[in-house]
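**Student:** My structure is in model.txt, and what it holds is compact mmCIF, C-alpha atoms:
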# COMPACT_ATOMS: atom_id res chain seq x y z
CA MET A 474 47.42 52.08 -69.50
CA SER A 475 48.28 55.41 -71.11
CA PRO A 476 50.50 57.98 -69.34
CA TYR A 477 47.60 60.44 -69.56
CA PHE A 478 45.31 58.15 -67.51
CA THR A 479 48.01 57.52 -64.90
CA TYR A 480 48.61 61.26 -64.51
CA TRP A 481 44.96 61.99 -63.77
CA GLU A 482 44.70 59.00 -61.44
CA GLU A 483 47.53 60.44 -59.33
CA MET A 484 45.91 63.90 -59.38
CA ASP A 485 42.68 62.35 -58.03
CA LYS A 486 44.58 60.71 -55.21
CA GLN A 487 46.32 63.92 -54.29
CA LEU A 488 42.95 65.68 -54.12
CA LEU A 489 41.49 62.90 -51.96
CA LYS A 490 44.46 63.10 -49.60
CA GLN A 491 44.05 66.86 -49.34
CA ILE A 492 40.33 66.50 -48.56
CA LEU A 493 41.01 63.79 -45.97
CA ARG A 494 43.49 66.04 -44.18
CA GLU A 495 41.14 69.03 -44.26
CA ASN A 496 38.30 66.89 -42.91
CA GLN A 497 40.53 65.86 -39.99
CA GLN A 498 41.09 69.50 -39.09
CA GLU A 499 37.35 70.17 -39.38
CA VAL A 500 36.47 67.36 -36.97
CA GLU A 501 39.06 68.45 -34.41
CA ARG A 502 37.95 72.09 -34.23
CA TYR A 503 34.26 71.48 -33.46
CA VAL A 504 32.93 71.67 -29.90
CA VAL A 505 30.14 69.08 -29.94
CA ALA A 506 27.40 68.54 -27.36
CA PRO A 507 26.99 64.80 -26.65
CA ARG A 508 23.67 63.17 -27.57
CA GLN A 509 21.65 60.38 -25.99
CA PHE A 510 23.02 57.97 -28.55
CA ARG A 511 25.89 55.48 -28.34
CA LEU A 512 27.89 54.46 -31.40
CA GLU A 513 30.49 52.25 -29.77
CA ASP A 514 28.12 49.38 -28.96
CA PHE A 515 27.95 48.12 -32.57
CA PRO A 516 30.81 48.17 -35.11
CA CYS A 517 28.75 48.93 -38.25
CA ARG A 518 26.12 51.68 -38.23
CA VAL A 519 23.98 53.59 -40.71
CA LEU A 520 22.57 56.85 -39.30
CA VAL A 521 19.69 58.33 -41.30
CA GLY A 522 17.83 61.59 -40.74
CA VAL A 523 16.98 65.03 -42.04
CA ARG A 524 19.76 67.41 -42.99
CA ARG A 525 21.23 69.26 -39.96
CA ALA A 526 19.70 66.84 -37.44
CA GLY A 527 23.15 66.30 -35.94
CA LYS A 528 24.34 63.13 -37.68
CA SER A 529 27.73 64.61 -38.54
CA TYR A 530 28.15 65.92 -34.99
CA MET A 531 27.58 62.39 -33.70
CA LEU A 532 30.42 61.15 -35.89
CA TYR A 533 32.59 64.08 -34.78
CA HIS A 534 31.90 63.30 -31.13
CA HIS A 535 32.78 59.63 -31.52
CA ILE A 536 36.00 60.45 -33.39
CA GLN A 537 36.94 63.04 -30.75
CA GLN A 538 36.40 60.39 -28.06
CA LEU A 539 38.71 58.00 -29.93
CA LEU A 540 41.39 60.70 -30.25
CA ALA A 541 41.07 61.54 -26.55
CA GLU A 542 41.61 57.85 -25.76
CA GLY A 543 44.93 57.92 -27.60
CA ARG A 544 43.91 56.78 -31.08
CA LYS A 545 45.53 58.61 -34.00
CA TRP A 546 44.30 59.68 -37.42
CA ASP A 547 46.28 56.81 -38.92
CA GLU A 548 43.47 54.56 -37.57
CA ILE A 549 40.57 56.82 -38.60
CA LEU A 550 39.29 57.79 -42.06
CA TYR A 551 36.61 60.50 -42.13
CA LEU A 552 35.17 61.84 -45.39
CA ASN A 553 32.22 64.18 -45.90
CA PHE A 554 30.62 63.59 -49.29
CA GLU A 555 28.92 67.01 -49.20
CA ASP A 556 32.27 68.45 -50.36
CA GLU A 557 31.71 69.83 -53.86
CA ARG A 558 35.15 68.55 -54.88
CA LEU A 559 33.74 65.01 -54.59
CA GLU A 560 30.95 65.70 -57.07
CA ASN A 561 32.30 63.10 -59.51
CA PHE A 562 33.12 60.51 -56.86
CA GLY A 563 31.83 57.11 -58.03
CA GLN A 564 31.59 53.55 -56.79
CA ASP A 565 35.05 52.68 -58.14
CA ASP A 566 36.59 55.51 -56.11
CA PHE A 567 35.90 53.81 -52.78
CA ASN A 568 38.90 51.54 -53.35
CA ARG A 569 41.00 54.55 -54.29
CA LEU A 570 39.96 56.18 -51.02
CA LEU A 571 41.29 53.20 -49.07
CA GLU A 572 44.50 53.30 -51.12
CA CYS A 573 44.97 56.97 -50.21
CA HIS A 574 44.74 56.25 -46.50
CA GLN A 575 47.09 53.29 -46.87
CA GLU A 576 49.64 55.46 -48.69
CA MET A 577 49.33 58.22 -46.07
CA TYR A 578 49.52 56.05 -42.96
CA GLY A 579 50.07 52.39 -43.85
CA LYS A 580 47.28 51.24 -41.51
CA ARG A 581 43.77 49.83 -41.78
CA PRO A 582 41.31 52.54 -40.66
CA MET A 583 37.92 52.74 -39.03
CA LEU A 584 35.65 54.33 -41.64
CA PHE A 585 33.43 57.37 -41.02
CA LEU A 586 31.56 58.25 -44.23
CA ASP A 587 29.27 61.28 -43.98
CA GLU A 588 26.25 62.05 -46.25
CA ILE A 589 26.97 59.14 -48.56
CA GLN A 590 23.49 58.79 -50.08
CA ASN A 591 24.37 60.38 -53.44
CA ILE A 592 27.06 57.84 -54.28
CA ASP A 593 25.60 55.02 -56.36
CA GLY A 594 26.46 51.61 -55.00
CA TRP A 595 27.54 52.83 -51.57
CA HIS A 596 25.68 49.98 -49.86
CA LYS A 597 27.62 47.35 -51.83
CA PHE A 598 30.90 48.90 -50.69
CA ALA A 599 29.59 49.08 -47.11
CA ARG A 600 28.66 45.40 -47.15
CA ARG A 601 32.08 44.44 -48.48
CA MET A 602 33.80 46.43 -45.73
CA ALA A 603 31.60 44.83 -43.07
CA ASP A 604 32.42 41.39 -44.47
CA ARG A 605 36.10 42.27 -44.12
CA GLN A 606 35.52 43.19 -40.45
CA TYR A 607 35.99 46.94 -40.84
CA THR A 608 34.41 49.25 -38.30
CA ILE A 609 32.26 51.55 -40.41
CA PHE A 610 29.86 54.39 -39.60
CA ILE A 611 27.74 55.93 -42.35
CA THR A 612 25.30 58.86 -42.38
CA GLY A 613 22.75 59.94 -44.96
CA SER A 614 19.76 62.25 -45.35
CA ASN A 615 17.55 60.16 -47.61
CA ALA A 616 14.83 57.91 -46.20
CA LYS A 617 15.43 55.45 -49.06
CA MET A 618 18.53 54.41 -47.12
CA LEU A 619 16.03 52.49 -44.98
CA SER A 620 14.49 50.77 -48.00
CA GLY A 621 14.05 47.03 -48.24
CA GLU A 622 16.53 46.77 -51.11
CA ILE A 623 19.34 48.39 -49.14
CA ASN A 624 18.50 46.46 -45.98
CA THR A 625 18.70 43.26 -48.02
CA THR A 626 22.08 44.24 -49.45
CA LEU A 627 23.47 45.13 -46.03
CA GLY A 628 22.18 41.75 -44.89
CA GLY A 629 21.97 42.34 -41.15
CA ARG A 630 25.59 43.47 -40.94
CA PHE A 631 24.62 47.03 -40.02
CA LEU A 632 22.51 48.54 -37.29
CA ILE A 633 20.36 51.18 -39.00
CA ALA A 634 19.15 54.01 -36.76
CA GLU A 635 17.09 57.16 -37.30
CA VAL A 636 18.52 60.45 -36.04
CA TYR A 637 16.05 63.19 -35.12
CA PRO A 638 16.63 66.76 -34.00
CA TYR A 639 17.18 67.24 -30.27
CA SER A 640 14.65 65.75 -27.89
CA PHE A 641 13.34 68.17 -25.28
CA HIS A 642 15.59 66.59 -22.65
CA GLU A 643 18.65 67.03 -24.89
CA PHE A 644 17.58 70.64 -25.54
CA LEU A 645 17.40 71.32 -21.79
CA VAL A 646 20.79 69.69 -21.17
CA LEU A 647 22.34 71.86 -23.89
CA ASN A 648 20.83 74.96 -22.27
CA LYS A 649 22.00 73.80 -18.81
CA VAL A 650 18.45 73.64 -17.41
CA PRO A 651 18.15 71.25 -14.42
CA THR A 652 15.39 68.65 -14.68
CA GLY A 653 15.68 66.79 -11.40
CA GLU A 654 12.56 66.07 -9.34
CA LEU A 655 13.38 68.77 -6.79
CA ASP A 656 14.12 71.29 -9.56
CA LEU A 657 10.68 70.75 -11.07
CA LEU A 658 9.00 71.15 -7.69
CA SER A 659 10.38 74.67 -7.27
CA THR A 660 8.53 77.60 -8.84
CA GLU A 661 11.73 78.93 -10.41
CA GLY A 662 12.81 75.54 -11.76
CA ARG A 663 9.42 74.76 -13.27
CA ALA A 664 9.20 78.24 -14.82
CA SER A 665 12.61 77.77 -16.45
CA VAL A 666 11.57 74.43 -17.95
CA VAL A 667 8.27 75.87 -19.27
CA ARG A 668 10.07 78.91 -20.72
CA HIS A 669 12.52 76.69 -22.58
CA PHE A 670 9.68 74.41 -23.68
CA ASN A 671 8.00 77.39 -25.32
CA GLU A 672 11.22 78.14 -27.18
CA TYR A 673 11.60 74.48 -28.17
CA LEU A 674 7.98 74.35 -29.36
CA HIS A 675 8.35 77.37 -31.63
CA HIS A 676 11.93 76.95 -32.86
CA GLY A 677 12.39 73.18 -32.82
CA GLY A 678 15.43 71.11 -32.00
CA LEU A 679 17.90 71.37 -34.87
CA PRO A 680 21.24 71.27 -33.01
CA ALA A 681 22.90 74.27 -34.65
CA ALA A 682 19.81 76.43 -34.02
CA ALA A 683 19.47 75.52 -30.34
CA LEU A 684 21.78 78.25 -29.03
CA MET A 685 21.34 80.77 -31.87
CA PRO A 686 19.72 84.17 -31.18
CA ALA A 687 18.36 84.54 -34.76
CA LYS A 688 16.82 81.11 -35.16
CA ARG A 689 14.26 81.91 -37.84
CA ASP A 690 16.90 82.96 -40.38
CA TYR A 691 18.83 79.75 -39.78
CA LEU A 692 15.69 77.58 -40.00
CA SER A 693 14.78 79.25 -43.27
CA SER A 694 18.24 78.53 -44.69
CA VAL A 695 18.03 74.87 -43.64
CA TYR A 696 14.61 74.54 -45.25
CA GLN A 697 15.91 76.08 -48.46
CA LYS A 698 18.77 73.59 -48.49
CA ILE A 699 16.36 70.67 -48.03
CA TYR A 700 13.90 72.14 -50.54
CA MET A 701 16.37 73.10 -53.27
CA GLY A 702 18.97 70.38 -52.71
CA ASP A 703 17.34 67.26 -51.31
CA ILE A 704 14.00 67.63 -53.12
CA ILE A 705 14.36 69.80 -56.24
CA ALA A 706 17.93 69.06 -57.38
CA ARG A 707 18.13 65.42 -56.27
CA ASN A 708 14.93 64.55 -58.14
CA LYS A 709 15.54 66.89 -61.10
CA ILE A 710 12.19 68.67 -60.61
CA THR A 711 11.42 71.50 -63.01
CA ASN A 712 8.09 72.55 -61.47
CA VAL A 713 9.63 74.41 -58.55
CA ALA A 714 6.46 76.41 -57.86
CA GLY A 715 4.40 73.22 -57.61
CA ILE A 716 6.63 71.79 -54.87
CA ARG A 717 6.60 75.13 -53.02
CA VAL A 718 2.80 75.19 -52.94
CA LEU A 719 2.65 71.52 -51.98
CA VAL A 720 4.87 72.01 -48.91
CA ARG A 721 2.82 75.01 -47.77
CA LYS A 722 -0.44 73.11 -48.15
CA MET A 723 0.98 70.11 -46.28
CA ALA A 724 1.97 72.43 -43.43
CA GLU A 725 -1.55 73.83 -43.27
CA SER A 726 -2.94 70.27 -43.22
CA VAL A 727 -0.86 68.94 -40.32
CA CYS A 728 -3.12 67.23 -37.73
CA ARG A 729 -5.72 66.23 -40.30
CA PRO A 730 -5.91 63.09 -42.45
CA ILE A 731 -5.45 64.02 -46.08
CA SER A 732 -5.72 61.95 -49.23
CA TYR A 733 -3.66 62.24 -52.40
CA ASN A 734 -6.80 63.40 -54.22
CA ARG A 735 -7.35 66.12 -51.62
CA ILE A 736 -3.73 67.28 -51.91
CA ASN A 737 -4.09 67.33 -55.68
CA ASN A 738 -7.30 69.38 -55.45
CA LEU A 739 -5.69 71.88 -53.08
CA LEU A 740 -2.85 72.42 -55.55
CA SER A 741 -5.28 72.88 -58.39
CA SER A 742 -7.27 75.45 -56.41
CA VAL A 743 -4.26 77.77 -56.16
CA GLY A 744 -3.10 77.38 -59.74
CA GLY A 745 -0.60 74.61 -59.10
CA LYS A 746 -2.39 71.97 -61.16
CA LEU A 747 -0.55 68.66 -61.33
CA SER A 748 -1.48 65.16 -62.32
CA LEU A 749 -2.39 62.85 -59.44
CA ALA A 750 0.65 60.67 -60.20
CA THR A 751 2.95 63.71 -60.01
CA THR A 752 1.38 64.84 -56.74
CA ILE A 753 2.02 61.40 -55.24
CA LYS A 754 5.64 61.51 -56.40
CA TYR A 755 6.15 64.99 -54.94
CA VAL A 756 4.85 63.87 -51.54
CA GLU A 757 7.18 60.87 -51.66
CA TYR A 758 10.13 63.14 -52.50
CA CYS A 759 9.36 65.21 -49.39
CA GLU A 760 9.27 62.00 -47.34
CA ASP A 761 12.57 60.79 -48.86
CA ALA A 762 14.19 64.07 -47.76
CA TRP A 763 12.81 63.54 -44.22
CA LEU A 764 10.87 66.79 -44.43
CA LEU A 765 7.55 64.96 -43.99
CA LEU A 766 6.78 61.93 -41.82
CA ARG A 767 3.71 59.85 -42.64
CA LEU A 768 1.27 58.51 -40.04
CA ARG A 769 -1.18 55.79 -41.07
CA ASN A 770 -4.71 55.03 -39.88
CA TYR A 771 -4.82 51.91 -37.69
CA ALA A 772 -8.43 51.30 -38.69
CA SER A 773 -7.92 51.50 -42.46
CA ALA A 774 -7.72 48.75 -45.01
CA LEU A 775 -4.23 48.16 -46.39
CA ALA A 776 -4.73 50.23 -49.57
CA ASP A 777 -6.24 53.19 -47.72
CA LYS A 778 -3.39 53.17 -45.20
CA GLU A 779 -1.17 54.50 -47.98
CA SER A 780 -3.57 56.96 -49.59
CA ASN A 781 -5.29 58.69 -46.65
CA CYS A 782 -2.69 59.58 -44.03
CA LYS A 783 -1.62 62.31 -41.66
CA TYR A 784 1.72 64.05 -42.27
CA TYR A 785 4.00 65.75 -39.78
CA PHE A 786 7.11 67.90 -40.28
CA ILE A 787 10.50 66.71 -39.04
CA ASP A 788 10.97 69.85 -36.93
CA THR A 789 8.48 72.27 -35.39
CA GLY A 790 10.83 75.16 -36.16
CA ILE A 791 10.66 74.40 -39.89
CA LEU A 792 6.89 73.82 -39.72
CA GLY A 793 6.44 77.19 -38.00
CA LEU A 794 7.90 78.97 -41.05
CA PHE A 795 4.64 78.24 -42.91
CA LEU A 796 2.03 78.98 -40.22
CA ILE A 797 0.44 82.03 -38.63
CA ASP A 798 -1.93 80.71 -35.93
CA LYS A 799 0.24 77.77 -35.12
CA ASP A 800 0.56 76.74 -31.46
CA THR A 801 -2.06 73.95 -31.53
CA ILE A 802 -0.56 72.49 -34.72
CA LEU A 803 2.99 72.74 -33.38
CA LEU A 804 1.97 70.96 -30.18
CA GLU A 805 0.54 67.95 -32.02
CA ASN A 806 3.51 67.87 -34.38
CA MET A 807 5.85 67.81 -31.38
CA VAL A 808 3.99 64.87 -29.84
CA ALA A 809 4.22 62.99 -33.17
CA LEU A 810 7.98 63.55 -33.31
CA ALA A 811 8.42 62.32 -29.75
CA LEU A 812 6.50 59.13 -30.57
CA PHE A 813 8.52 58.57 -33.76
CA ARG A 814 11.73 59.18 -31.81
CA LYS A 815 10.73 56.56 -29.24
CA TYR A 816 9.11 53.92 -31.45
CA GLY A 817 10.80 54.55 -34.81
CA HIS A 818 9.57 55.61 -38.22
CA ASP A 819 10.78 53.02 -40.70
CA GLU A 820 9.35 52.57 -44.18
CA ASP A 821 6.35 50.56 -42.97
CA ASN A 822 5.91 52.39 -39.64
CA GLU A 823 3.84 49.67 -38.04
CA ARG A 824 4.18 50.92 -34.47
CA VAL A 825 2.58 54.38 -34.25
CA PHE A 826 -0.80 55.22 -35.84
CA PHE A 827 -3.77 57.53 -35.63
CA TYR A 828 -7.24 56.00 -35.34
CA ASN A 829 -10.20 57.12 -37.42
CA GLU A 830 -13.27 54.91 -37.72
CA ASN A 831 -16.42 56.26 -36.06
CA VAL A 832 -14.08 57.76 -33.48
CA GLU A 833 -11.01 59.96 -34.07
CA VAL A 834 -7.93 59.58 -31.85
CA ASP A 835 -4.77 61.53 -32.60
CA PHE A 836 -2.29 58.72 -31.76
CA TYR A 837 -2.56 55.03 -30.99
CA VAL A 838 0.37 52.74 -30.13
CA PRO A 839 -0.94 49.13 -30.20
CA GLU A 840 2.07 47.48 -28.57
CA ASP A 841 1.76 49.68 -25.48
CA GLU A 842 -2.03 49.97 -25.73
CA LEU A 843 -1.53 53.74 -25.56
CA ALA A 844 -4.05 56.32 -26.83
CA ILE A 845 -3.25 60.03 -26.97
CA GLN A 846 -5.25 63.14 -27.72
CA VAL A 847 -3.51 66.51 -28.10
CA SER A 848 -5.26 69.74 -27.14
CA TYR A 849 -3.62 73.06 -26.36
CA SER A 850 -6.15 73.63 -23.58
CA ILE A 851 -9.11 71.74 -22.12
CA ALA A 852 -10.17 74.53 -19.76
CA ASP A 853 -13.34 75.05 -21.80
CA PRO A 854 -15.92 72.33 -20.90
CA GLU A 855 -16.87 71.80 -24.55
CA THR A 856 -13.23 71.26 -25.51
CA GLU A 857 -12.75 68.85 -22.62
CA LYS A 858 -15.81 66.87 -23.74
CA ARG A 859 -14.62 66.79 -27.36
CA GLU A 860 -11.17 65.49 -26.42
CA LYS A 861 -12.39 63.06 -23.77
CA GLU A 862 -15.12 61.40 -25.84
CA PRO A 863 -12.85 59.55 -28.33
CA LEU A 864 -10.77 58.19 -25.45
CA GLU A 865 -13.97 56.90 -23.83
CA LYS A 866 -15.02 55.10 -27.01
CA LEU A 867 -11.73 53.61 -28.23
CA PRO A 868 -11.47 50.98 -25.42
CA ASN A 869 -14.72 49.50 -26.73
CA VAL A 870 -12.91 48.37 -29.89
CA HIS A 871 -9.19 48.26 -28.99
CA PRO A 872 -7.28 47.73 -25.74
CA CYS A 873 -6.13 50.91 -23.98
CA ARG A 874 -4.01 50.50 -20.87
CA ARG A 875 -3.17 54.19 -20.81
CA ARG A 876 -5.13 57.16 -22.14
CA ILE A 877 -3.68 60.66 -22.18
CA ILE A 878 -4.72 64.17 -23.18
CA ILE A 879 -1.55 66.19 -23.76
CA THR A 880 -1.98 69.93 -23.17
CA TYR A 881 0.29 72.96 -23.22
CA ASP A 882 0.41 73.37 -19.43
CA GLU A 883 -2.76 71.92 -17.85
CA GLU A 884 -2.77 68.89 -15.59
CA GLY A 885 -5.32 66.66 -13.93
CA THR A 886 -7.33 63.44 -14.22
CA LEU A 887 -10.66 62.54 -15.76
CA THR A 888 -12.56 59.33 -15.04
CA ASP A 889 -14.99 57.10 -16.88
CA LYS A 890 -16.12 53.48 -16.79
CA HIS A 891 -12.76 52.35 -18.24
CA GLY A 892 -10.73 54.08 -15.55
CA THR A 893 -8.54 57.19 -15.62
CA ILE A 894 -7.70 59.60 -18.43
CA GLU A 895 -4.61 61.67 -17.63
CA ALA A 896 -4.23 65.30 -18.64
CA ILE A 897 -0.50 66.04 -18.81
CA PRO A 898 1.45 69.16 -19.85
CA CYS A 899 3.45 68.41 -22.96
CA TRP A 900 6.75 69.43 -21.37
CA LYS A 901 6.19 67.01 -18.48
CA TRP A 902 5.17 64.18 -20.80
CA LEU A 903 8.25 64.75 -22.96
CA LEU A 904 10.53 64.46 -19.95
CA GLY A 905 8.82 61.26 -18.84
CA ILE A 906 8.70 59.18 -22.00
Translate the structure described by the file into structure tokens.

**Tutor:**
Amino acid sequence: MSPYFTYWEEMDKQLLKQILRENQQEVERYVVAPRQFRLEDFPCRVLVGVRRAGKSYMLYHHIQQLLAEGRKWDEILYLNFEDERLENFGQDDFNRLLECHQEMYGKRPMLFLDEIQNIDGWHKFARRMADRQYTIFITGSNAKMLSGEINTTLGGRFLIAEVYPYSFHEFLVLNKVPTGELDLLSTEGRASVVRHFNEYLHHGGLPAAALMPAKRDYLSSVYQKIYMGDIIARNKITNVAGIRVLVRKMAESVCRPISYNRINNLLSSVGGKLSLATTIKYVEYCEDAWLLLRLRNYASALADKESNCKYYFIDTGILGLFLIDKDTILLENMVALALFRKYGHDEDNERVFFYNENVEVDFYVPEDELAIQVSYSIADPETEKREKEPLEKLPNVHPCRRRIIITYDEEGTLTDKHGTIEAIPCWKWLLGI
């Protein structure tokens, strides 16, 4: 080995040690609101979700708990791979990282590796660490981290979990809004919950935005980071205008099934002509970045399940950046997110669907025999009839133990030969699921 190579190897280690120390100081200084999510019940975790959904904060909180219990940094290694100084970090550097901690402290650490998705071969290192009985927590903002290939490599050693922006309950807890039964019975308590629901509906649940006064500016900056970093840069896209138009058109199409051909035609109509294959790739890139979440038709043949879907945005605050008359769309998008949060949204997503074959139902969950329509208001008799009719017909072809119309703030019951259809305000449904 030449002296030149040894010199640069030592320089790399010094830089890694400096970054490790700075990351420790970063973790310690943050005041983090706890989430409804426990990390300590499984020693190896992969947390996947959109950028700024709170994955890093969850690691911070767990590390802070360990430090409060008397653990020291000599037992904890935290590294955030978003640091631009780690741009050239490669698979071989994982061992060097462990060497740095060993040289600094002489102990075997628990590993907390943040935003690791850009490091080729990370899953092979993770598997090796799990095999050696390390405690290891990993976060990433690319849906491909849930792919079959990576799951196969990790081989059941890791619990893989999706992290979404705040649920409505978490949002209320953060804002110190009581949600007990007696609180909701009082006029003042109910009004406070509805007021915060309106804010949650329009500005979403990204943790850092939850207490900000100027939320729109922050949401716009997060979208730009997802758009330019996780979609454009990561996939080396040169047609920036094409992706911009695609995202806007997808926002306008939320709530409606849309085919790849239809998306392609919409782009062509506004001068963003792309090949069908490129359009499909661009949609997949948006899904990989967790900007879009796909919902399949329960009634479709296998091939059509992939090509004629509904798409929802990961956060209503981000979706609202693209819409003018938006409350009805935001309401349905919020219901979709709540269902994905409860039932999951893995690569196959075989738990939550919409139904469209002679009858159109917004959401159908087969395992719970649950059918849901979303309507901002059903005060108008024609609207009530339109929303009720699909829920009357669906039990003729599929079992429905519970049928719901979710509204903005209207409540009641409707009856038919199959039983009861509940009309529930969205805020109340969100607190009850």

**Student:** Got a sec: who's within 8 Å of segment 857-861 of chain A, counting only C-alpha atoms, leaving out chain neighbours fewer than 5 positions off, as an mmCIF file with C-alpha atoms, in the frame of the given file?

**Tutor:**
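Output saved as selection18.cif:
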data_model
loop_
_atom_site.group_PDB
_atom_site.id
_atom_site.type_symbol
_atom_site.label_atom_id
_atom_site.label_comp_id
_atom_site.auth_asym_id
_atom_site.auth_seq_id
_atom_site.Cartn_x
_atom_site.Cartn_y
_atom_site.Cartn_z
ATOM 1 C CA GLN A 846 -5.250 63.140 -27.720
ATOM 2 C CA VAL A 847 -3.510 66.510 -28.100
ATOM 3 C CA SER A 848 -5.260 69.740 -27.140
ATOM 4 C CA ILE A 851 -9.110 71.740 -22.120
ATOM 5 C CA ALA A 852 -10.170 74.530 -19.760
ATOM 6 C CA ILE A 878 -4.720 64.170 -23.180
ATOM 7 C CA ILE A 894 -7.700 59.600 -18.430
#

**Student:** Using all atoms listed in the file, determine which residues lie at most 8 Å from Thr752 of chain A, disregarding the query and same-chain residues fewer than 5 positions distant; provide the list as a list of chain:residue names.

**Tutor:**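 Listed by chain and then number, they are A:Tyr733, A:Ile736, A:Asn737, A:Leu747.
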
**Student:** Once you add 4 Å to each side, what are the centre and edge lengths of the axis-aligned box holding all listed atoms of segment 536-552 of chain A? One decimal in Å, as AutoDock Vina command-line options, if you can.

**Tutor:**
--center_x 40.7 --center_y 58.8 --center_z -35.6 --size_x 19.1 --size_y 16.5 --size_z 27.6

**Student:** With a cut-off of 12 Å, could you pull out the residues of segment 699-760 of chain A touching segment 589-604 of chain A and give me the nearest pair of atoms for each, distance in Å to one decimal, using only C-alpha atoms, ordered by chain and ascending number, as JSON lines?

**Tutor:**
{"residue": "A:Gly702", "atom": "CA", "partner": "A:Asn591", "partner_atom": "CA", "distance": 11.4}
{"residue": "A:Asp703", "atom": "CA", "partner": "A:Asn591", "partner_atom": "CA", "distance": 10.1}
{"residue": "A:Ala706", "atom": "CA", "partner": "A:Asn591", "partner_atom": "CA", "distance": 11.5}
{"residue": "A:Arg707", "atom": "CA", "partner": "A:Asn591", "partner_atom": "CA", "distance": 8.5}
{"residue": "A:Asn708", "atom": "CA", "partner": "A:Asn591", "partner_atom": "CA", "distance": 11.3}

**Student:** Nearest to Lys490 of chain A: which of A:Val504, A:Leu570, A:Leu532, A:Ile623 is it, counting all atoms listed in the file?

**Tutor:**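 Result for the nearest residue to Lys490 of chain A: A:Leu570.
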
**Student:** Within 6 Å of (20.7, 78.7, -37.7), only C-alpha atoms: residues as a PyMOL selection string?

**Tutor:** chain A and resi 681-682+688+691-692

**Student:** Each residue of segment 760-841 of chain A with at least one atom at most 12 Å from segment 715-730 of chain A should appear once, together with its nearest atom pair and the corresponding distance in Å (one decimal); atoms considered: only C-alpha atoms; ordering: chain, then increasing residue number; output as a Markdown table.

**Tutor:**
| residue | atom | partner | partner_atom | distance |
| --- | --- | --- | --- | --- |
| A:Glu760 | CA | A:Val720 | CA | 11.0 |
| A:Leu764 | CA | A:Val720 | CA | 9.1 |
| A:Leu765 | CA | A:Met723 | CA | 8.7 |
| A:Leu766 | CA | A:Val727 | CA | 10.5 |
| A:Arg767 | CA | A:Pro730 | CA | 10.2 |
| A:Leu768 | CA | A:Pro730 | CA | 8.9 |
| A:Arg769 | CA | A:Pro730 | CA | 8.8 |
| A:Asn770 | CA | A:Pro730 | CA | 8.5 |
| A:Ser773 | CA | A:Pro730 | CA | 11.8 |
| A:Asp777 | CA | A:Pro730 | CA | 11.2 |
| A:Lys778 | CA | A:Pro730 | CA | 10.6 |
| A:Glu779 | CA | A:Pro730 | CA | 11.3 |
| A:Ser780 | CA | A:Pro730 | CA | 9.7 |
| A:Asn781 | CA | A:Pro730 | CA | 6.1 |
| A:Cys782 | CA | A:Pro730 | CA | 5.0 |
| A:Lys783 | CA | A:Pro730 | CA | 4.4 |
| A:Tyr784 | CA | A:Val727 | CA | 5.9 |
| A:Tyr785 | CA | A:Val727 | CA | 5.8 |
| A:Phe786 | CA | A:Ala724 | CA | 7.5 |
| A:Ile787 | CA | A:Ala724 | CA | 11.2 |
| A:Asp788 | CA | A:Ala724 | CA | 11.4 |
| A:Thr789 | CA | A:Ala724 | CA | 10.3 |
| A:Gly790 | CA | A:Ala724 | CA | 11.8 |
| A:Ile791 | CA | A:Ala724 | CA | 9.6 |
| A:Leu792 | CA | A:Ala724 | CA | 6.3 |
| A:Gly793 | CA | A:Ala724 | CA | 8.5 |
| A:Leu794 | CA | A:Ala724 | CA | 9.1 |
| A:Phe795 | CA | A:Arg721 | CA | 6.1 |
| A:Leu796 | CA | A:Glu725 | CA | 7.0 |
| A:Ile797 | CA | A:Glu725 | CA | 9.6 |
| A:Asp798 | CA | A:Glu725 | CA | 10.1 |
| A:Lys799 | CA | A:Glu725 | CA | 9.2 |
| A:Asp800 | CA | A:Val727 | CA | 11.9 |
| A:Thr801 | CA | A:Cys728 | CA | 9.2 |
| A:Ile802 | CA | A:Cys728 | CA | 6.6 |
| A:Leu803 | CA | A:Val727 | CA | 8.8 |
| A:Leu804 | CA | A:Cys728 | CA | 9.8 |
| A:Glu805 | CA | A:Cys728 | CA | 6.8 |
| A:Asn806 | CA | A:Val727 | CA | 7.5 |
| A:Met807 | CA | A:Cys728 | CA | 11.0 |
| A:Val808 | CA | A:Cys728 | CA | 10.9 |
| A:Ala809 | CA | A:Cys728 | CA | 9.6 |
| A:Phe826 | CA | A:Pro730 | CA | 11.5 |
| A:Phe827 | CA | A:Pro730 | CA | 9.1 |
| A:Tyr828 | CA | A:Pro730 | CA | 10.1 |
| A:Asn829 | CA | A:Pro730 | CA | 8.9 |
| A:Glu830 | CA | A:Pro730 | CA | 12.0 |
| A:Glu833 | CA | A:Pro730 | CA | 10.3 |
| A:Val834 | CA | A:Cys728 | CA | 10.8 |
| A:Asp835 | CA | A:Cys728 | CA | 7.8 |
| A:Phe836 | CA | A:Cys728 | CA | 10.4 |

**Student:** Taking into account all atoms listed in the file, which residue in the set A:Thr625, A:Asp547, A:Arg518, A:Ala664 is nearest to Gly579 of chain A?

**Tutor:**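 Among A:Thr625, A:Asp547, A:Arg518, A:Ala664, it is A:Asp547 that comes nearest to Gly579 of chain A.
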
**Student:** Write out as a ChimeraX atom specification each polymer residue whose atoms come within 6 Å of segment 580-587 of chain A, counting only C-alpha atoms; drop sequence neighbours fewer than 6 positions from it.

**Tutor:** /A:548-554,608-612

**Student:** May I ask which of the residues A:Met531, A:Phe510, A:Pro680, A:Leu658 is the closest one to Val695 of chain A, counting only C-alpha atoms?

**Tutor:**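 Checking each candidate against Val695 of chain A, we get A:Pro680 as the closest.
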